[in-house]
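Structure file final_5.cif (mmCIF, C-alpha atoms) is printed below.
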data_work
#
loop_
_atom_site.label_atom_id
_atom_site.label_comp_id
_atom_site.auth_asym_id
_atom_site.auth_seq_id
_atom_site.Cartn_x
_atom_site.Cartn_y
_atom_site.Cartn_z
CA MET A 1 135.69 72.92 101.01
CA SER A 2 137.02 74.09 104.37
CA GLN A 3 136.36 77.61 105.62
CA LEU A 4 139.40 79.85 106.02
CA LEU A 5 139.92 83.08 107.95
CA VAL A 6 142.44 85.38 106.28
CA GLU A 7 143.25 88.68 108.01
CA TYR A 8 144.12 91.90 106.17
CA PRO A 9 146.20 94.22 108.38
CA LEU A 10 145.38 97.92 108.23
CA LYS A 11 147.72 99.22 105.51
CA ARG A 12 146.35 102.64 104.63
CA PRO A 13 145.79 104.74 107.76
CA HIS A 14 144.58 108.22 106.91
CA ALA A 15 147.35 110.79 107.22
CA SER A 16 145.42 112.67 109.89
CA ASP A 17 144.21 109.61 111.83
CA PRO A 18 144.82 109.91 115.59
CA PRO A 19 147.19 107.24 116.93
CA LEU A 20 145.83 103.82 117.78
CA ALA A 21 147.29 101.12 120.01
CA ARG A 22 146.53 97.42 120.00
CA GLY A 23 144.82 96.21 123.14
CA ALA A 24 145.25 92.90 124.94
CA ASP A 25 142.39 91.50 122.86
CA GLY A 26 144.21 92.37 119.63
CA VAL A 27 141.84 95.20 118.71
CA LEU A 28 143.19 98.63 117.73
CA ARG A 29 141.89 101.31 120.09
CA TYR A 30 142.15 105.07 120.49
CA GLY A 31 143.88 106.49 123.52
CA ASN A 32 142.78 109.49 125.59
CA LEU A 33 139.07 109.18 124.85
CA THR A 34 136.79 111.05 127.22
CA PRO A 35 135.04 108.61 129.58
CA ALA A 36 131.64 109.14 127.98
CA LEU A 37 129.87 110.81 125.08
CA THR A 38 128.13 113.27 127.39
CA GLU A 39 131.48 114.55 128.66
CA LEU A 40 132.77 115.16 125.12
CA LEU A 41 129.60 117.05 124.23
CA ASP A 42 129.75 119.06 127.45
CA LEU A 43 133.29 120.18 126.60
CA GLN A 44 132.20 121.30 123.14
CA VAL A 45 129.17 123.16 124.50
CA HIS A 46 131.42 125.28 126.68
CA ALA A 47 133.91 125.84 123.85
CA PHE A 48 131.29 126.86 121.26
CA SER A 49 128.40 128.05 123.43
CA THR A 50 127.23 130.90 121.18
CA ARG A 51 127.48 129.02 117.88
CA GLU A 52 124.40 127.55 116.26
CA ALA A 53 124.26 123.85 117.08
CA VAL A 54 121.16 122.77 115.19
CA VAL A 55 118.87 124.38 112.63
CA GLU A 56 115.63 123.08 111.18
CA VAL A 57 114.94 124.48 107.72
CA GLY A 58 111.82 126.61 108.07
CA GLY A 59 111.71 125.91 111.81
CA PRO A 60 113.54 126.53 115.08
CA ARG A 61 117.28 126.96 115.58
CA MET A 62 119.34 126.69 118.75
CA THR A 63 122.83 127.61 119.90
CA TYR A 64 124.94 125.10 121.80
CA ARG A 65 124.12 126.80 125.09
CA GLU A 66 120.38 126.81 124.35
CA LEU A 67 120.38 123.19 123.18
CA TRP A 68 122.34 121.95 126.19
CA HIS A 69 120.16 123.85 128.64
CA SER A 70 116.94 122.52 127.10
CA ALA A 71 118.32 118.97 126.97
CA SER A 72 119.35 119.15 130.65
CA ARG A 73 115.80 120.24 131.57
CA ILE A 74 114.40 117.31 129.56
CA ALA A 75 116.80 115.07 131.48
CA GLY A 76 115.46 116.55 134.72
CA GLY A 77 111.91 115.88 133.57
CA LEU A 78 112.78 112.27 132.78
CA GLN A 79 114.33 111.95 136.23
CA GLU A 80 111.03 113.11 137.73
CA HIS A 81 109.35 110.28 135.80
CA GLY A 82 111.72 107.83 137.48
CA ILE A 83 114.13 107.47 134.57
CA GLY A 84 117.76 107.01 135.52
CA TYR A 85 121.01 105.26 134.74
CA GLY A 86 120.67 102.36 132.29
CA ASP A 87 116.94 102.78 131.62
CA ARG A 88 115.88 102.81 127.96
CA VAL A 89 114.19 105.87 126.47
CA ALA A 90 112.79 105.36 122.99
CA VAL A 91 113.02 108.36 120.64
CA HIS A 92 110.31 107.87 118.01
CA MET A 93 109.95 111.26 116.36
CA PRO A 94 110.49 112.91 112.98
CA ALA A 95 113.93 114.42 112.42
CA GLY A 96 114.20 118.02 113.57
CA VAL A 97 115.34 120.21 116.42
CA ARG A 98 112.94 118.53 118.87
CA TRP A 99 114.39 115.11 117.94
CA VAL A 100 117.87 116.37 118.84
CA GLN A 101 116.60 117.85 122.11
CA ALA A 102 114.88 114.56 123.00
CA PHE A 103 117.92 112.45 122.10
CA LEU A 104 120.30 114.59 124.15
CA GLY A 105 117.81 114.79 127.02
CA ALA A 106 117.72 111.00 127.19
CA LEU A 107 121.53 110.87 127.17
CA LEU A 108 121.89 113.47 129.92
CA SER A 109 119.38 111.67 132.13
CA GLY A 110 121.75 108.70 132.26
CA ALA A 111 119.37 106.60 130.19
CA VAL A 112 120.14 104.74 126.98
CA PRO A 113 118.42 106.31 123.96
CA VAL A 114 116.65 103.80 121.72
CA LEU A 115 116.52 105.05 118.13
CA VAL A 116 113.19 104.25 116.44
CA HIS A 117 112.94 105.44 112.85
CA ASP A 118 109.81 107.52 112.31
CA GLY A 119 109.34 105.95 108.87
CA LEU A 120 108.85 102.43 110.22
CA PRO A 121 105.40 100.86 109.88
CA ASP A 122 103.57 101.19 113.19
CA ALA A 123 103.68 97.44 113.86
CA ILE A 124 107.47 97.31 113.39
CA ALA A 125 108.01 100.45 115.48
CA GLU A 126 105.95 98.91 118.29
CA GLN A 127 107.99 95.72 117.96
CA VAL A 128 111.25 97.67 118.31
CA ILE A 129 109.98 99.60 121.34
CA ALA A 130 108.77 96.39 122.98
CA ASP A 131 112.01 94.53 122.20
CA SER A 132 114.06 97.30 123.83
CA SER A 133 111.92 97.11 126.98
CA ALA A 134 111.74 100.90 126.80
CA ASP A 135 110.97 102.52 130.14
CA PHE A 136 109.77 105.74 128.51
CA VAL A 137 108.79 106.79 124.99
CA LEU A 138 109.39 110.22 123.51
CA GLY A 139 106.95 109.77 120.66
CA ARG A 140 105.09 111.30 117.77
CA ASP A 141 102.73 113.20 120.05
CA ILE A 142 105.66 115.47 120.88
CA ALA A 143 106.17 116.19 117.20
CA ARG A 144 102.48 117.14 117.05
CA GLY A 145 102.85 119.71 119.81
CA ALA A 146 102.92 117.79 123.10
CA GLU A 147 105.46 119.04 125.59
CA LEU A 148 108.79 117.36 126.16
CA PRO A 149 109.48 116.34 129.77
CA ASP A 150 110.66 119.32 131.82
CA GLY A 151 112.29 119.63 135.21
CA ALA A 152 115.25 121.06 137.06
CA ALA A 153 118.37 120.89 134.89
CA TYR A 154 120.15 117.57 135.35
CA ILE A 155 123.24 115.94 133.82
CA ASP A 156 124.30 112.38 134.69
CA ASP A 157 128.08 112.11 134.34
CA GLY A 158 128.69 108.68 135.78
CA ALA A 159 129.13 106.66 132.56
CA ALA A 160 132.30 104.80 131.51
CA LEU A 161 133.77 103.79 128.15
CA GLY A 162 132.46 100.24 128.31
CA ASP A 163 128.93 101.23 129.29
CA LEU A 164 126.00 100.91 126.91
CA ALA A 165 125.35 104.38 125.46
CA LEU A 166 122.96 103.83 122.55
CA LEU A 167 120.59 101.15 121.30
CA SER A 168 120.35 101.38 117.51
CA TYR A 169 118.28 98.97 115.45
CA THR A 170 119.25 97.40 112.15
CA SER A 171 117.13 98.09 109.09
CA GLY A 172 116.17 94.46 108.56
CA SER A 173 117.95 94.34 105.19
CA PRO A 174 118.43 91.16 103.17
CA LEU A 175 122.16 91.26 103.98
CA GLY A 176 121.53 91.61 107.70
CA PRO A 177 119.00 90.25 110.16
CA ALA A 178 115.58 89.73 108.54
CA THR A 179 113.88 91.80 111.23
CA PRO A 180 115.35 94.78 113.09
CA LYS A 181 117.74 93.80 115.84
CA GLY A 182 118.96 96.02 118.63
CA VAL A 183 122.67 96.74 118.44
CA GLU A 184 124.42 97.73 121.67
CA LEU A 185 126.79 100.63 121.06
CA THR A 186 129.04 101.59 123.95
CA ASN A 187 130.58 104.96 124.77
CA GLU A 188 133.85 103.67 123.32
CA ASN A 189 132.13 102.67 120.08
CA LEU A 190 130.53 106.11 119.67
CA LEU A 191 133.60 108.12 120.67
CA SER A 192 135.82 106.03 118.40
CA ALA A 193 133.45 106.45 115.46
CA ILE A 194 133.32 110.22 116.06
CA ARG A 195 137.10 110.49 116.15
CA SER A 196 137.40 108.34 113.02
CA VAL A 197 134.90 110.40 111.00
CA VAL A 198 136.38 113.73 112.09
CA ALA A 199 139.82 112.58 110.95
CA ALA A 200 138.82 110.78 107.75
CA LEU A 201 136.58 113.61 106.50
CA ASP A 202 138.98 116.25 107.85
CA LEU A 203 136.15 118.13 109.55
CA PRO A 204 137.18 121.70 110.50
CA THR A 205 136.48 123.48 113.78
CA ASP A 206 135.88 126.90 112.23
CA GLY A 207 132.09 126.65 111.88
CA LEU A 208 131.17 123.72 109.63
CA ARG A 209 127.53 123.80 108.47
CA ASN A 210 126.45 120.26 107.64
CA LEU A 211 123.13 119.65 105.86
CA VAL A 212 122.28 116.16 107.19
CA LEU A 213 119.68 114.40 105.05
CA LEU A 214 120.32 110.95 106.54
CA PRO A 215 117.84 109.49 109.06
CA LEU A 216 118.83 110.55 112.56
CA ALA A 217 117.42 107.27 113.86
CA HIS A 218 120.11 105.35 111.94
CA ALA A 219 123.78 105.10 112.84
CA SER A 220 124.64 106.76 109.52
CA GLY A 221 122.80 109.95 110.53
CA CYS A 222 123.22 110.06 114.30
CA VAL A 223 126.64 108.51 114.95
CA ASP A 224 128.40 109.41 111.70
CA GLN A 225 127.09 112.94 111.03
CA LEU A 226 125.20 114.55 113.93
CA LEU A 227 127.71 113.66 116.64
CA PRO A 228 130.94 114.33 114.66
CA THR A 229 129.53 117.73 113.61
CA PHE A 230 128.85 118.55 117.27
CA ALA A 231 132.33 117.29 118.16
CA VAL A 232 133.92 120.02 116.01
CA GLY A 233 131.49 122.74 117.06
CA GLY A 234 129.67 122.73 113.73
CA THR A 235 126.04 123.34 112.87
CA VAL A 236 123.71 120.46 111.96
CA VAL A 237 121.07 121.63 109.48
CA LEU A 238 117.99 119.41 109.20
CA ALA A 239 115.06 119.40 106.79
CA ARG A 240 111.56 118.02 107.19
CA ASP A 241 111.62 116.94 103.53
CA THR A 242 113.72 117.42 100.41
CA ARG A 243 111.65 120.23 98.91
CA ASP A 244 113.36 123.60 98.47
CA LEU A 245 116.69 122.22 99.60
CA ALA A 246 118.57 124.03 96.87
CA GLU A 247 117.39 127.35 98.33
CA ALA A 248 118.26 126.13 101.83
CA ILE A 249 121.84 125.37 100.75
CA VAL A 250 122.25 129.04 99.88
CA ALA A 251 120.24 130.52 102.75
CA GLU A 252 121.93 128.43 105.44
CA ARG A 253 125.46 128.86 104.00
CA ILE A 254 125.88 125.09 103.76
CA ASP A 255 129.42 123.85 103.19
CA MET A 256 128.83 120.10 103.65
CA VAL A 257 125.99 117.86 102.47
CA SER A 258 125.46 114.34 103.87
CA ALA A 259 122.91 112.03 102.24
CA THR A 260 122.37 108.67 100.62
CA PRO A 261 122.99 108.10 96.89
CA ARG A 262 119.22 107.98 96.33
CA ILE A 263 118.69 111.37 97.94
CA PHE A 264 121.56 112.93 95.99
CA ALA A 265 120.17 111.50 92.76
CA GLY A 266 116.79 113.05 93.51
CA LEU A 267 118.35 116.44 94.28
CA LEU A 268 120.44 116.70 91.12
CA PRO A 269 117.66 117.91 88.77
CA GLU A 270 116.59 120.69 91.14
CA LEU A 271 120.18 121.75 91.77
CA ALA A 272 120.94 121.72 88.05
CA ALA A 273 117.93 123.94 87.36
CA MET A 274 118.93 126.40 90.07
CA ARG A 275 122.52 126.40 88.89
CA GLY A 276 121.22 127.38 85.48
CA ASP A 277 119.47 130.29 87.20
CA GLY A 278 122.71 131.43 88.82
CA LEU A 279 123.01 129.23 91.96
CA SER A 280 126.65 128.93 92.98
CA THR A 281 127.66 125.60 94.52
CA GLU A 282 131.30 126.53 95.06
CA GLY A 283 130.71 126.99 98.79
CA ILE A 284 130.18 123.25 99.23
CA ALA A 285 133.51 121.83 100.39
CA ARG A 286 132.42 118.31 101.39
CA ILE A 287 130.01 115.69 100.07
CA SER A 288 129.44 112.56 102.16
CA LYS A 289 127.48 109.65 100.68
CA ALA A 290 126.33 106.89 103.01
CA GLY A 291 126.40 103.66 101.01
CA HIS A 292 125.42 101.37 103.85
CA ARG A 293 124.18 97.82 103.42
CA ALA A 294 120.49 98.61 103.65
CA GLU A 295 120.88 101.39 101.10
CA ARG A 296 122.73 99.59 98.33
CA ALA A 297 119.96 97.52 96.76
CA ALA A 298 117.60 100.51 96.66
CA ALA A 299 120.36 102.82 95.42
CA ALA A 300 121.09 100.49 92.53
CA GLN A 301 117.53 101.08 91.33
CA ALA A 302 117.29 104.83 92.02
CA ALA A 303 120.78 106.30 91.67
CA PRO A 304 122.63 106.64 88.36
CA ALA A 305 125.81 104.62 87.87
CA GLY A 306 127.80 107.82 87.32
CA LEU A 307 126.49 109.61 90.40
CA ALA A 308 129.97 110.44 91.74
CA ALA A 309 130.91 112.10 88.43
CA GLU A 310 127.62 114.03 88.32
CA LEU A 311 128.19 115.29 91.87
CA ARG A 312 131.70 116.40 90.95
CA ALA A 313 130.26 118.37 88.06
CA MET A 314 127.60 119.91 90.31
CA PHE A 315 130.00 120.65 93.20
CA PRO A 316 133.33 121.24 91.47
CA THR A 317 135.21 122.43 94.55
CA ALA A 318 133.90 119.75 96.93
CA ARG A 319 135.81 116.74 98.21
CA GLN A 320 133.57 113.70 97.92
CA TRP A 321 133.52 110.63 100.16
CA SER A 322 131.48 107.44 100.10
CA VAL A 323 131.28 105.76 103.51
CA TRP A 324 130.28 102.13 104.05
CA GLY A 325 129.25 100.57 107.31
CA ALA A 326 126.55 98.77 109.23
CA THR A 327 124.73 99.46 112.47
CA GLU A 328 126.96 96.85 114.10
CA THR A 329 130.06 98.83 113.03
CA SER A 330 128.67 102.17 114.27
CA GLY A 331 127.85 102.99 110.66
CA ILE A 332 131.49 103.31 109.57
CA GLY A 333 134.39 101.09 108.56
CA LEU A 334 135.23 101.67 104.89
CA ALA A 335 135.54 104.85 102.87
CA VAL A 336 136.68 105.96 99.43
CA ASP A 337 137.13 109.52 98.23
CA ASP A 338 137.49 111.12 94.83
CA ALA A 339 141.25 111.19 95.31
CA ALA A 340 141.00 107.50 94.38
CA GLY A 341 140.06 108.56 90.83
CA SER A 342 137.87 106.31 88.73
CA ALA A 343 137.73 103.68 91.49
CA ALA A 344 135.43 105.97 93.48
CA ASP A 345 132.92 106.01 90.61
CA SER A 346 132.29 102.26 90.66
CA ASP A 347 129.13 101.11 92.44
CA ALA A 348 130.98 97.93 93.42
CA VAL A 349 133.63 99.80 95.42
CA LEU A 350 133.01 99.87 99.18
CA GLY A 351 136.29 101.52 100.16
CA PHE A 352 139.43 101.25 102.24
CA PRO A 353 139.34 100.54 105.98
CA PHE A 354 139.85 103.53 108.25
CA GLY A 355 139.67 104.54 111.88
CA GLY A 356 141.17 101.37 113.34
CA THR A 357 138.87 99.05 111.39
CA GLU A 358 140.67 95.85 110.41
CA LEU A 359 139.36 93.33 107.92
CA ALA A 360 139.35 89.60 107.34
CA LEU A 361 137.81 87.27 104.78
CA TRP A 362 135.97 84.09 105.65
CA GLY A 363 135.31 81.27 103.21
CA PRO A 364 136.93 78.69 100.93
CA LYS A 365 138.39 81.38 98.61
CA ALA A 366 139.66 83.67 101.35
CA LYS A 367 143.31 83.09 100.40
CA VAL A 368 142.69 84.46 96.91
CA GLY A 369 140.90 87.56 98.17
CA CYS A 370 137.23 86.50 97.98
CA GLY A 371 134.84 85.74 100.81
CA GLU A 372 132.59 87.07 103.53
CA LEU A 373 133.81 90.38 104.97
CA LEU A 374 134.66 90.38 108.68
CA CYS A 375 135.48 93.55 110.62
CA ARG A 376 136.96 94.36 113.99
CA GLY A 377 137.92 97.66 115.59
CA PRO A 378 137.04 100.14 118.34
CA ASN A 379 133.76 100.97 116.58
CA ILE A 380 132.43 97.39 116.48
CA ALA A 381 129.48 96.72 118.79
CA PRO A 382 129.99 94.01 121.41
CA ARG A 383 126.65 92.25 120.90
CA TYR A 384 123.00 92.35 119.93
CA TRP A 385 120.50 93.42 122.54
CA ASN A 386 118.95 90.50 124.41
CA ASP A 387 119.74 88.00 121.63
CA PRO A 388 122.60 85.64 122.55
CA THR A 389 121.87 83.31 119.63
CA ALA A 390 122.26 86.01 116.98
CA THR A 391 125.25 87.41 118.86
CA ALA A 392 127.00 84.04 118.79
CA ALA A 393 126.30 83.68 115.07
CA ARG A 394 127.56 87.11 114.00
CA PHE A 395 130.15 88.15 116.62
CA ALA A 396 133.00 85.60 116.62
CA GLY A 397 135.59 86.59 119.19
CA THR A 398 136.66 90.10 118.19
CA TRP A 399 135.35 89.74 114.59
CA PHE A 400 131.94 90.77 113.28
CA HIS A 401 130.56 88.73 110.36
CA THR A 402 128.99 91.31 108.03
CA GLY A 403 127.28 88.85 105.68
CA ASP A 404 128.71 90.74 102.67
CA GLN A 405 130.57 88.79 99.99
CA VAL A 406 133.49 90.91 98.81
CA THR A 407 136.90 90.92 97.20
CA ILE A 408 139.95 92.67 98.67
CA ASP A 409 142.83 93.65 96.41
CA ALA A 410 146.51 94.00 97.25
CA ASP A 411 146.08 97.66 98.25
CA GLY A 412 143.28 96.84 100.67
CA LEU A 413 140.45 98.19 98.51
CA VAL A 414 137.19 96.34 99.20
CA ARG A 415 134.72 95.70 96.40
CA ARG A 416 131.36 94.00 96.47
CA ASP A 417 131.60 90.55 94.88
CA PRO A 418 129.48 90.70 91.67
CA ALA A 419 128.37 87.13 92.36
CA GLN A 420 126.44 88.46 95.37
CA ASP A 421 124.09 90.36 93.04
CA GLU A 422 123.29 87.35 90.87
#

Could you render the structure as structure tokens?
Amino acid sequence: MSQLLVEYPLKRPHASDPPLARGADGVLRYGNLTPALTELLDLQVHAFSTREAVVEVGGPRMTYRELWHSASRIAGGLQEHGIGYGDRVAVHMPAGVRWVQAFLGALLSGAVPVLVHDGLPDAIAEQVIADSSADFVLGRDIARGAELPDGAAYIDDGAALGDLALLSYTSGSPLGPATPKGVELTNENLLSAIRSVVAALDLPTDGLRNLVLLPLAHASGCVDQLLPTFAVGGTVVLARDTRDLAEAIVAERIDMVSATPRIFAGLLPELAAMRGDGLSTEGIARISKAGHRAERAAAAQAAPAGLAAELRAMFPTARQWSVWGATETSGIGLAVDDAAGSAADSDAVLGFPFGGTELALWGPKAKVGCGELLCRGPNIAPRYWNDPTATAARFAGTWFHTGDQVTIDADGLVRRDPAQDE
């Protein structure tokens, strides 16, 4: 049977979505973006200088002014090591305040941060660092007490929207590349994803405190939670592990929790016990579940089918979202919230497109709503790092081939095709 490409125009823009305009290449794009991520962050630092920017449970905490100053000194130290515009700086550290300092320091130096998940086996981590041709590594020795680079404060502000801003590696999931591949994310990709998340999750600017339990070395943690929280002047709260998180929710006045379904499932017993002892969860206004491709197979084994309903019972006043994406889509693309009713409780539901993401189906059954999911939008990466063969296979014109077999109904709701799990 012949392969068909059937496009699904964006039908359900979020009410608060910023306006988008179609470019000459047919892709929807945001207008009035700042030229680079560093400029957006610099604006927010000056607007919210005395607010807490990042907190590590049981560890250090920093205001926006303190974080920006320390990051600019790290950037200066990297400059003294010969690091400059376009160089790659690998960040291979556990999540925490020092990770954020290192990441921002690499950005401010003009370099491209390379995200290397601390949980990777050593051989895979070394493979990622080698593949990126990293010019400098901010590694585990820093987490063990070694000093971060330090020098005269420096901020490189010469980047443009089309410039490479971040090198994020895939998880090597069965639905994606078999081994981690570097995904080139531009300033436009990151700024578009930030604007999309802020609008879709209706993030406030009055002091959001977001407990981020997602890996910072993945797009889901860094691009979709850390950076949007900074963009609204909120506080990112990080934890070394999931112990005593129920107490941290109270102590840190958390009003948003971002995690994977597996992490939420593991937290429910502890939260239920504390609620029985008088813990109030009514301060939690937002729950964000990252149901990304690499997470789904594991979540099916570890998370209960009725997780959304259990979370509603645990956090009765919270709005709950499930966000789907891939590294190649900046971690976003589809979302469903509990306003969708019972549809949000189905593990098969991936969501509706948002933030300028448009969809298409590829395959012999595309005309009847079944096939491989293709995405395009301002958040879609342009290519893989140093891999033209894989780029040609997965990035066709403006469309990214996700590898996911799905169905799309008349309202634009995307569901995983059950045949994919057989």

**Best match for closeness to Asn210 in chain A among A:Ser288, A:Ser133, A:Gln101, A:Asn189, counting only C-alpha atoms** =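 Among A:Ser288, A:Ser133, A:Gln101, A:Asn189, it is A:Ser288 that comes nearest to Asn210 in chain A.
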
**Item:** Pick from A:His46, A:Ala265, A:Ala259, A:Glu247, whichever lies nearest to Thr281 in chain A using only C-alpha atoms
**Value:**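 The answer is A:Glu247, which sits nearest to Thr281 in chain A.
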
**Nearest candidate to Gly86 in chain A (options A:Leu167, A:Ala71, A:Ile287, A:Ala410; using only C-alpha atoms)** = A:Leu167

Written as a PDB file with C-alpha atoms, in the coordinates of the input, which residues does the PyMOL selection byres ((chain A and resi 55) around 9) give for the file shown?
ATOM      1  CA  GLU A  52     124.400 127.550 116.260  1.00  0.00           C
ATOM      2  CA  ALA A  53     124.260 123.850 117.080  1.00  0.00           C
ATOM      3  CA  VAL A  54     121.160 122.770 115.190  1.00  0.00           C
ATOM      4  CA  GLU A  56     115.630 123.080 111.180  1.00  0.00           C
ATOM      5  CA  VAL A  57     114.940 124.480 107.720  1.00  0.00           C
ATOM      6  CA  GLY A  58     111.820 126.610 108.070  1.00  0.00           C
ATOM      7  CA  GLY A  59     111.710 125.910 111.810  1.00  0.00           C
ATOM      8  CA  PRO A  60     113.540 126.530 115.080  1.00  0.00           C
ATOM      9  CA  ARG A  61     117.280 126.960 115.580  1.00  0.00           C
ATOM     10  CA  MET A  62     119.340 126.690 118.750  1.00  0.00           C
ATOM     11  CA  THR A  63     122.830 127.610 119.900  1.00  0.00           C
ATOM     12  CA  GLY A  96     114.200 118.020 113.570  1.00  0.00           C
ATOM     13  CA  VAL A  97     115.340 120.210 116.420  1.00  0.00           C
ATOM     14  CA  THR A 235     126.040 123.340 112.870  1.00  0.00           C
ATOM     15  CA  VAL A 236     123.710 120.460 111.960  1.00  0.00           C
ATOM     16  CA  VAL A 237     121.070 121.630 109.480  1.00  0.00           C
ATOM     17  CA  LEU A 238     117.990 119.410 109.200  1.00  0.00           C
ATOM     18  CA  ALA A 239     115.060 119.400 106.790  1.00  0.00           C
ATOM     19  CA  GLU A 252     121.930 128.430 105.440  1.00  0.00           C
TER      20      GLU A 252
END

**Message:** Set the distance at 8 Å and use all atoms listed in the file: which residues neighbour Thr357 in chain A once local chain neighbours fewer than 6 positions away are removed? I'd like the list as a list of chain:residue names.
**Reply:**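 The filter keeps A:Leu10, A:Leu28, A:Gly333, A:Leu334, A:Cys375, A:Arg376, A:Gly377, A:Pro378, A:Asn379.
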
**Message:** Given the point (110.4, 116.8, 130.2) in the coordinates of this file, which residues lie within 9 Å, counting all atoms listed in the file, and how would they look as a list of chain:residue names?
**Reply:**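 Applying the cut-off with all atoms listed in the file, one gets A:Ala71, A:Arg73, A:Ile74, A:Ala75, A:Gly76, A:Gly77, A:Leu78, A:Gln79, A:Glu80, A:His81, A:Ala102, A:Gly105, A:Glu147, A:Leu148, A:Pro149, A:Asp150, A:Gly151.
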
**Prompt:** Any chance you could work out the residue set of the PyMOL selection byres ((chain A and resi 140-145) around 7) here, as a ChimeraX atom specification?
**Reply:** /A:92-94,138-139,146-148

Given the PyMOL selection byres ((chain A and resi 110) around 10), the residues it picks as a PDB file with C-alpha atoms, in the frame of the given file:
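Final file, part-v3.pdb:
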ATOM      1  CA  THR A  38     128.130 113.270 127.390  1.00  0.00           C
ATOM      2  CA  ALA A  75     116.800 115.070 131.480  1.00  0.00           C
ATOM      3  CA  LEU A  78     112.780 112.270 132.780  1.00  0.00           C
ATOM      4  CA  GLN A  79     114.330 111.950 136.230  1.00  0.00           C
ATOM      5  CA  ILE A  83     114.130 107.470 134.570  1.00  0.00           C
ATOM      6  CA  GLY A  84     117.760 107.010 135.520  1.00  0.00           C
ATOM      7  CA  TYR A  85     121.010 105.260 134.740  1.00  0.00           C
ATOM      8  CA  GLY A  86     120.670 102.360 132.290  1.00  0.00           C
ATOM      9  CA  ASP A  87     116.940 102.780 131.620  1.00  0.00           C
ATOM     10  CA  ARG A  88     115.880 102.810 127.960  1.00  0.00           C
ATOM     11  CA  VAL A  89     114.190 105.870 126.470  1.00  0.00           C
ATOM     12  CA  GLY A 105     117.810 114.790 127.020  1.00  0.00           C
ATOM     13  CA  ALA A 106     117.720 111.000 127.190  1.00  0.00           C
ATOM     14  CA  LEU A 107     121.530 110.870 127.170  1.00  0.00           C
ATOM     15  CA  LEU A 108     121.890 113.470 129.920  1.00  0.00           C
ATOM     16  CA  SER A 109     119.380 111.670 132.130  1.00  0.00           C
ATOM     17  CA  ALA A 111     119.370 106.600 130.190  1.00  0.00           C
ATOM     18  CA  VAL A 112     120.140 104.740 126.980  1.00  0.00           C
ATOM     19  CA  PRO A 113     118.420 106.310 123.960  1.00  0.00           C
ATOM     20  CA  TYR A 154     120.150 117.570 135.350  1.00  0.00           C
ATOM     21  CA  ILE A 155     123.240 115.940 133.820  1.00  0.00           C
ATOM     22  CA  ASP A 156     124.300 112.380 134.690  1.00  0.00           C
ATOM     23  CA  ASP A 157     128.080 112.110 134.340  1.00  0.00           C
ATOM     24  CA  GLY A 158     128.690 108.680 135.780  1.00  0.00           C
ATOM     25  CA  ALA A 159     129.130 106.660 132.560  1.00  0.00           C
ATOM     26  CA  ALA A 165     125.350 104.380 125.460  1.00  0.00           C
TER      27      ALA A 165
END

**Interatomic distance (Å, one decimal) between CA of Asp42 in chain A and CA of Tyr169 in chain A** =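 Distance reported for this atom pair: 26.1 Å.
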
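Nearest to Gln3 in chain A of all the residues A:Ala308, A:Ala366, A:Ala273, A:Leu201 is A:Ala366, based on all atoms listed in the file.
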